[in-house]
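Before any comments, here is the structure.
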Amino acid sequence: MKWRRWGVALLPIVAGLVVAALVMDVPTLLNPIIYMRADLGTLAMIAGLSLSVLVTVGLALWTRAEQRGEQRATNVRAQAAEERRRFLRRLDHELKNPLTAIRAGLANVVNGSATARQKEALASVEGQVLRLSRLTADLRKMAELGTRPLERVPVNVAELLQEAMTSARDQPEAASRQLSLTLPQVPWPVPAVPGDRDMLFLATYNLIGNALKFTRPGDAVEVRAFEDGNSVVIEVADTGPGIPKEEVPRVWEELYRGQGARGVPGSGLGLALVRAVVERHGGRVRLRSRVGQGTVVTMRLPVR
């Protein structure tokens with residue numbers, strides 16, 4: 001294929017030589033000899049023009065090859081993502097039924113004639129089974145985020161945050177934390193953002209839930225939103241223990257749990273879900289933290 005392209009590029013030159021040869025061989029012409037005179041400037045111009053043509057052709061071929069390479073890489077990434085989603089869906093399907101059966105069996109044993117020590121051990125096992133059930137549910141959500149059609153309807157940010165706060169207050173940790181919501185009203189309220197309301201609610205609720213889980217009794221959790229240029233910024237801030245600097249870049253990884261997460265129930269997928277939702281909406285996420293002072297997680301969503 002490459003030799004064919006170069007052959008097509010050389011056709012004009014070959015055609016010109018053929019025509020010149022034919023003209024030279026026609027006997028009826030008065031003067032078949034063609035005289036050409038060119039000064040140094042003309043020769044330099046012709047050389048420069050020829051070089052420019054060659055460079056242009058080379059750049060075009062290089063750009064085409066680069067685009068094909070990028071397309072192949074994109075296809076490979078898309079295929080890998082689809083295989084990962086299929087694996088997560090299959091894993092959720094394979095684990096859901098056994099975990100449900102185990103929980104039912106444990107409930108029957110605990111309600112039976114077990115000793116107090118046995119019931120305590122069974123309760124611990126049930127807690128781990130429940131953790132696995134939540135993990136598989138979160139994995140299913142991660143798989144769905146990549147394939148679920150994304151709605152594009154105006155989402156009222158104030159109502160969304162108020163609903164997320166109401167749901168978060170039902171968590172056991174909320175009773176011992178100072179939970180507050182700050183929304184500007186003047187000179188205008190926070191504008192709506194286009195997107196999928198259910199997905200955005202999931203991301204916001206996960207952020208508030210994380211703040212409640214990783215703070216201590218008496219700590220404050222503040223949710224606030226404001227307009228910044230062509231974006232709406234949603235922040236969830238807390239006065240918790242904070243995250244070490246070396247762990248901050250890894251908090252968005254799936255299943256990652258830092259030292260401060262030991263002993264705290266969770267799947268390690270909360271922030272990964274938040275990032276997936278925000279990026280699907282064309283937004284960005286950011287986390288700032290200081291050990292001993294607290295953490296601020298920011299979602300930036302485009303208004304248009």
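Labels used: A, B, ... for chains in the order of the structure tokens, numbers from 1 for residues in each chain, and numbers from 1 for ligands as shown.
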Residues of range 217-247 of chain A within 7 Å of range 192-213 of chain A: nearest atom pair and distance (Å, one decimal) for each, counting only C-alpha atoms, sorted by chain and number, as a tab-separated table?
```
residue	atom	partner	partner_atom	distance
A:Val221	CA	A:Ala211	CA	6.7
A:Val236	CA	A:Ile208	CA	6.6
A:Asp238	CA	A:Ala211	CA	6.4
```
- Message: Just checking: using only C-alpha atoms, which residue out of A:Gly229, A:Arg148, A:Val186, A:Thr295 ends up closest to Ala276 in chain A?
- Response: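 Looking at the shortest contact to Ala276 in chain A, the residue is A:Arg148.
Going from CA of Glu235 in chain A over to CA of Val296 in chain A, you cover 6.6 Å.
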- Message: Set the distance at 12 Å and use only C-alpha atoms: which residues neighbour Arg304 in chain A once local chain neighbours fewer than 2 positions away are removed? I'd like the list as number ranges by chain.
- Response: A: 152-155, 191-195, 229-232, 281-283, 301-302
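Nearest residue to Val223 in chain A, choosing from A:Val129, A:Val277, A:Val76, A:Ala158 and counting only C-alpha atoms: A:Ala158.
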